[in-house]
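**Student:** The structure is given below, and queries will be raised subsequently.
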Amino acid sequence: MAALCAATAIIAVVVPFAGGLALLGTVPMGLVSYRYRLRVLIAATVAGCTIAFLIAGLGGLMTVVHSAYIGGLAGAIKRRQRGAATVVASAVVAGVLFGGALLALLALAARLRHLLYRAMSFNIDGVANALRHTPGQAVTADQLRDAFDAIVPYWPAVVMVWAVLNTVFVTLIGWWALSRVLTRLSGIPDVHKLDPTESDSPVAPVPVCLDDVRFRYPDTARDAMGPLSMRVDPGEHVAITGANGSGKTTLMLMLAGREPSAGAITRPGAVGLGKTGGTAVIMQHPESQVLGTRVADDVVWGLPADQVTDVDRLLAEVGLDGLADRDTGGLSGGELQRLAVAAALAREPALLIADEVTSMVDQQGREALISVLSGLTEHHRTSLVHITHYNDEAASADRVVRLSGTAENVRPAGPEMVHTAPVPLGGADAVPEGPVVLELRGVGHRYVSGSPWESTALRDISFAVHEGEGLLIHGLNGSGKSTLAWIMAGLTVPTSGSCLLDDAPVSDQVGAVAISFQAARLQLMRSNVGREVASSAGFSRRDRPRIIEALGMVGLDPALAERRIDQLSGGQMRRVVLAGLLARRPRALILDEPLAGLDADSQRALVALLAELRRTTGLTVVVISHDFAGLEELCPRTLHLHRGELVEATVTTGGRS
Amino acid sequence: MTAPAARRPVVLLRPVPGDSVIHRLWAGTKLIAVAVMGVLLTFYPGWGSVAAVTILVAITTWLAHIPRGVLPSVPRWMWLLLLVGGGTAALAGGEPFVTLGSVTMGLGGVISFLHVTAISLVLLGLGALVSWTTNVAEIAPAIATLGRPLRALRIPADEWAVALALALRAFPMLIDEYRVLFAARRLRPRVPAQTRRGRRRQRAAEIVDLLAAAVTVALRRGDEMGDAITARGGVGQISAHPSRPRRADVVALVVVTVMCALAVYAELFTPLANIR
């Protein structure tokens, strides 16, 4: 129910935009009606209508209602797996109903009808008058006038015919697009993990005792976790570590209430997920954890209606005091996760599970978050289970459980990934010798300039990137580093100054500078790896040798070419993006937060690969990041960006002045 | 290279910074007022109503200290459309006639065109005023309160409010994701097909790809947020300090009602009723 609700809400957001892209608003709505019940479609429509109204007034609202009506129809037919004949037949019926409603409205609003009629007839008259003064067109003018006058008495029929034709046409397009999208997604991927737990027994999740527990996902040949025996006592801080694929997340799911495939989990009472005194879970993605638009709203989000919460005390405990009225959209990853901790504490949980909560948080945020988590078991009667792949984070725990996984259960390293040994770069390598590739001259950028929302992202940035250079642009949240990346790739035209690639504005040569965005998934558009690489590099998808060459360049196995995009790991996705970008031989490669969301091993392997590429092919690399760790070998030169300005002199390790 | 004259983009769902009587009004009051005026303009779209609503819009704008900079730049094709529409209507002539020296002009067409345009603008302005003066966090709780009577009819208004709250929360995140999606598409080399049929197919395939990517992103985000909701034990409160209507809200609603009543009176019983 929860996942459904969220999906609905999000689909509702899509609609006003897709609606703008002519006719395609029906697809998201069709998807909702394909996947869920009518009730959900209605909730999505209400939410979509409100947003559309706030964006585009009553016109936007009408567009959403129309999209929902027709998309709902297309989705319902699709679910029943009927064909084109059913689509046309039901669209005709729906069109008649729609036309009827329109006629009823026009009949009621007689004055509006008269007004519209007058406006239309004046326009027709005007066109006729203009034609009459054009030599040889007088007859056409009269015909136009007469035709309009002849039609007017039959306006209800005209409206009806228009409504039916329009409905049939739009339904057919919506149905076609929906079918194509569904084929393309081959069903709809469902990646939700947690299931709500229903139980009548009193809530008491700890002490929990796992006895020889194993877990196997349906349709798989081996256990994802186990056998494992462990216990978590009240007030205890347990850290769980292990490599990728050792079953850390599976263990979290079982602690949160999923039944094991073998063995037994014993608790004194129910798990009580999200209930007072029950189990609370904090997960990986900071943005998806936070559900409220304002900080204070998020703390109480989902609590029973009658519960009173001391929001300020909870916020103070996680170090967010004074931020209660701030928008959650402006918080950094670390702050968002601490907010999620506050929301969990509002439920006074007996068991708090933190599942890799720091993996998408920068260094500073990580330290603050860990200190908040470590303090919890001292101030609350809460057991903390902290799942992490960082050893230093496990140090503050009372006890560490290492999941080694069963022998057959640890994911093999090959053959899909070739690990290259890091090649240390000599001092001479670090000096940029080549000619200037990218040059920024006094670049400044303001968003929505001239309006009350104007904000300055960058001020007077000047520097040059030399061929074959490795440059790190370092800055914290809100320093304007992503804006700078977009400007350097030519995607954003700066409001002052210029960014030149080979002495011409880079915004006129979009594509010449490659950029890899933080969210690799957004950059992957085709269905499988081979097609994706071909499309992004610009060669035919049947050109296998070049696809294999491109994959080889980023250390991916050719066998991966047939793999579906949705089945790739985070590290693989980033490599596939790089394969597509590098196959075009870009003048420079910009990487925006390339290490975000990758585990330690994948991070090391990616940096080693990029350093190797830079050394062997002379690739120019610009990394934009809030982390230094591990990047020294790839980027000998560092620029610091602070609140939109370059601070300190350029730090060069290679001796360049 | 000179920077192009800055075009102001549409800023979505962000209130104009500042604090004013209008900013402090309960979100529900604003929604009710807008709904009432929408109904008024649908059933009595005469000049009287247009005038009444315009006056209210003007007063609100002044009270809320909304600067001129909030208006987005109007795209060129819109001006062109207005010009063509206005031009053809003007050529129609019609009553009333005005004589200037030796030239007699019929202004009926122009007036009728201005009338329709004014109604569209005023309707747009009403929606814009709500988004310019309301923090998005206040909208969903207001809908929940307004929808309370509907619960008696077994209509799940609370569910709607939750869906709306989540949608508004997801909105900025998705906008960012779509920006990246479109940027990634711009970066790709474009190899136009040779035949017209080929080009059409290519365009269709591209749209499907883009839709599929957008839908995947949206569903993934939805599933993650769904997990977060499950982890919190389902839905419940959505606001820490739900605001309630106060005296200012009563005043605002009275003003709106009086203006609407005046407009209806003018439309029905004054000479305005005869101007068509």
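The chains in the structure tokens are called A, B, ... from first to last as shown; in each chain the residues are counted from 1, and the ligands are counted from 1 in the order shown.
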Residues within 10 Å of Asp566 of chain A, please, as a list in words. Count only C-alpha atoms; anything in the same chain fewer than 5 positions from it doesn't count.

**Tutor:**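 With the cut-off at 10 Å, the set is Leu185, Pro189, Arg521, Leu524, Ser527, Asn528, Val529 and Met573 of chain A; Thr216 of chain B.
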
**Student:** Okay, now the selection with C-alpha atoms, as a short mmCIF file (atom, residue, chain, number, x, y, z; two decimals), in the first residue's frame?

**Tutor:**
```
data_model
loop_
_atom_site.label_atom_id
_atom_site.label_comp_id
_atom_site.auth_asym_id
_atom_site.auth_seq_id
_atom_site.Cartn_x
_atom_site.Cartn_y
_atom_site.Cartn_z
CA LEU A 185 10.39 -2.16 -19.71
CA PRO A 189 10.50 -3.33 -12.52
CA ARG A 521 20.96 5.55 -14.51
CA LEU A 524 21.30 5.14 -19.87
CA SER A 527 17.22 -1.29 -23.23
CA ASN A 528 20.50 -3.21 -23.21
CA VAL A 529 24.19 -2.46 -22.87
CA MET A 573 26.32 1.40 -14.98
CA THR B 216 11.66 3.98 -14.84
#
```

**Student:** Find the residues in chain A near chain B: any atom within 6 Å counts, using only C-alpha atoms. Write them as a compact mmCIF listing (two decimals) with C-alpha atoms, in the first residue's frame.

**Tutor:**
```txt
# COMPACT_ATOMS: atom_id res chain seq x y z
CA ALA A 2 2.78 2.40 0.90
CA ALA A 3 4.82 1.80 -2.22
CA ALA A 6 4.30 6.82 -3.37
CA ALA A 7 4.34 5.56 -6.93
CA ALA A 9 2.19 10.47 -6.15
CA ILE A 10 5.18 10.42 -8.38
CA VAL A 13 3.98 14.70 -10.94
CA ALA A 43 -5.82 9.80 -6.00
CA ALA A 47 -2.69 15.19 -6.87
CA LEU A 54 -0.56 25.60 -9.34
CA GLY A 57 -3.99 27.44 -13.79
CA ALA A 109 -22.80 28.09 -18.86
CA LEU A 112 -19.68 31.54 -21.70
CA ALA A 119 -15.26 35.45 -30.45
CA PHE A 122 -15.61 37.61 -35.21
CA ASN A 123 -12.45 35.76 -36.11
CA ASP A 125 -15.60 37.43 -40.17
CA GLY A 126 -12.17 38.99 -39.96
CA VAL A 127 -10.57 36.29 -42.07
CA VAL A 181 6.75 1.49 -23.08
CA HIS A 192 10.68 -2.23 -3.35
CA LEU A 194 10.15 -3.74 2.72
CA PRO A 196 4.45 -4.05 6.01
CA LEU A 273 7.75 -1.77 11.71
CA GLY A 274 7.43 1.99 12.20
CA LYS A 275 5.29 1.54 15.32
CA VAL A 281 14.72 1.27 9.44
CA SER A 288 14.05 9.07 -0.72
CA GLN A 289 14.12 8.73 3.07
CA THR A 293 8.50 19.10 2.43
CA ALA A 296 9.38 19.63 11.06
CA ASP A 297 6.75 17.94 8.88
CA TRP A 301 5.27 12.19 8.86
CA GLY A 302 3.19 9.04 9.20
CA LEU A 303 2.72 9.16 12.97
CA PRO A 304 -0.77 8.33 14.26
CA ALA A 305 -3.02 11.40 14.15
CA VAL A 448 16.48 33.05 -12.94
CA GLY A 450 15.83 39.41 -13.02
CA SER A 451 13.22 37.64 -10.88
CA THR A 495 25.20 34.60 -17.80
CA GLY A 511 28.80 16.69 -27.21
CA LEU A 522 19.58 8.75 -16.03
CA GLN A 523 22.18 8.65 -18.74
CA MET A 525 18.38 5.27 -22.25
CA SER A 536 25.57 7.11 -27.17
CA GLY A 538 26.84 7.21 -32.55
```

**Student:** What is the atom CA of Arg258 of chain A-atom CA of Lys193 of chain A distance in Å, reported with one decimal?

**Tutor:**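 The value is 9.9 Å.
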
**Student:** Using DSSP assignments from the backbone, pull out every residue in segment 282-504 of chain A that falls under alpha helix (DSSP H) and give it to me as a PyMOL selection string.

**Tutor:** chain A and resi 286-289+295-300+311-317+333-345+363-379+391-394+427-430+481-488

**Student:** Within 9 Å of Glu287 of chain A, counting only C-alpha atoms, which residues qualify if same-chain residues fewer than 6 places away don't, as a list of chain:residue names?

**Tutor:**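 Returned residues: A:Thr328, A:Gly329, A:Gly333, A:Leu336, A:Gln337, B:Met173, B:Met225.
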
**Student:** Interatomic distance between atom CA of Leu56 of chain B and atom CA of Met259 of chain B?

**Tutor:**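 Between atom CA of Leu56 of chain B and atom CA of Met259 of chain B the gap is 8.1 Å.
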
**Student:** DSSP says strand (DSSP E or B) for which residues of segment 9-250 of chain B? Put them as a PDB file with C-alpha atoms, in the first residue's frame?

**Tutor:**
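File produced: result12.pdb:
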```pdb
ATOM      1  CA  PHE B  97     -18.755  51.946 -34.390  1.00  0.00           C
ATOM      2  CA  VAL B  98     -16.405  54.807 -33.697  1.00  0.00           C
ATOM      3  CA  THR B  99     -15.935  57.673 -36.111  1.00  0.00           C
ATOM      4  CA  LEU B 100     -12.583  59.398 -36.157  1.00  0.00           C
ATOM      5  CA  VAL B 103     -12.852  56.974 -40.910  1.00  0.00           C
ATOM      6  CA  THR B 104     -15.487  54.833 -39.254  1.00  0.00           C
ATOM      7  CA  MET B 105     -14.202  51.763 -37.412  1.00  0.00           C
ATOM      8  CA  GLY B 106     -16.108  48.847 -35.928  1.00  0.00           C
TER       9      GLY B 106
END
```

**Student:** Find the spatial neighbours of Gly434 of chain A, counting only C-alpha atoms, within a cut-off of 8 Å - ignore same-chain residues fewer than 2 positions away - and output them as number ranges by chain.

**Tutor:** A: 432, 436, 466-468

**Student:** Using only N, CA and C atoms, please write the residues we just selected to a file, as a JSON list (two decimals), in the first residue's frame.

**Tutor:**
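In the end it all went to result_6.json:
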```json
[["chain", "number", "residue", "atom", "x", "y", "z"],
["A", 432, "PRO", "N", 50.81, 19.38, -16.72],
["A", 432, "PRO", "CA", 50.10, 19.50, -17.98],
["A", 432, "PRO", "C", 50.98, 20.19, -19.02],
["A", 436, "VAL", "N", 46.05, 24.24, -24.41],
["A", 436, "VAL", "CA", 44.83, 24.46, -23.64],
["A", 436, "VAL", "C", 43.63, 23.88, -24.39],
["A", 466, "HIS", "N", 44.37, 21.87, -19.53],
["A", 466, "HIS", "CA", 45.31, 21.52, -20.59],
["A", 466, "HIS", "C", 45.07, 20.09, -21.07],
["A", 467, "GLU", "N", 45.51, 19.83, -22.28],
["A", 467, "GLU", "CA", 45.31, 18.51, -22.85],
["A", 467, "GLU", "C", 46.03, 17.45, -22.02],
["A", 468, "GLY", "N", 45.36, 16.36, -21.74],
["A", 468, "GLY", "CA", 45.95, 15.27, -20.99],
["A", 468, "GLY", "C", 46.02, 15.50, -19.50]]
```

**Student:** What does the distance between atom CA of Leu320 of chain A and atom CA of Ala343 of chain A come to in Å, to one decimal place?

**Tutor:**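 A separation of 12.0 Å between them.
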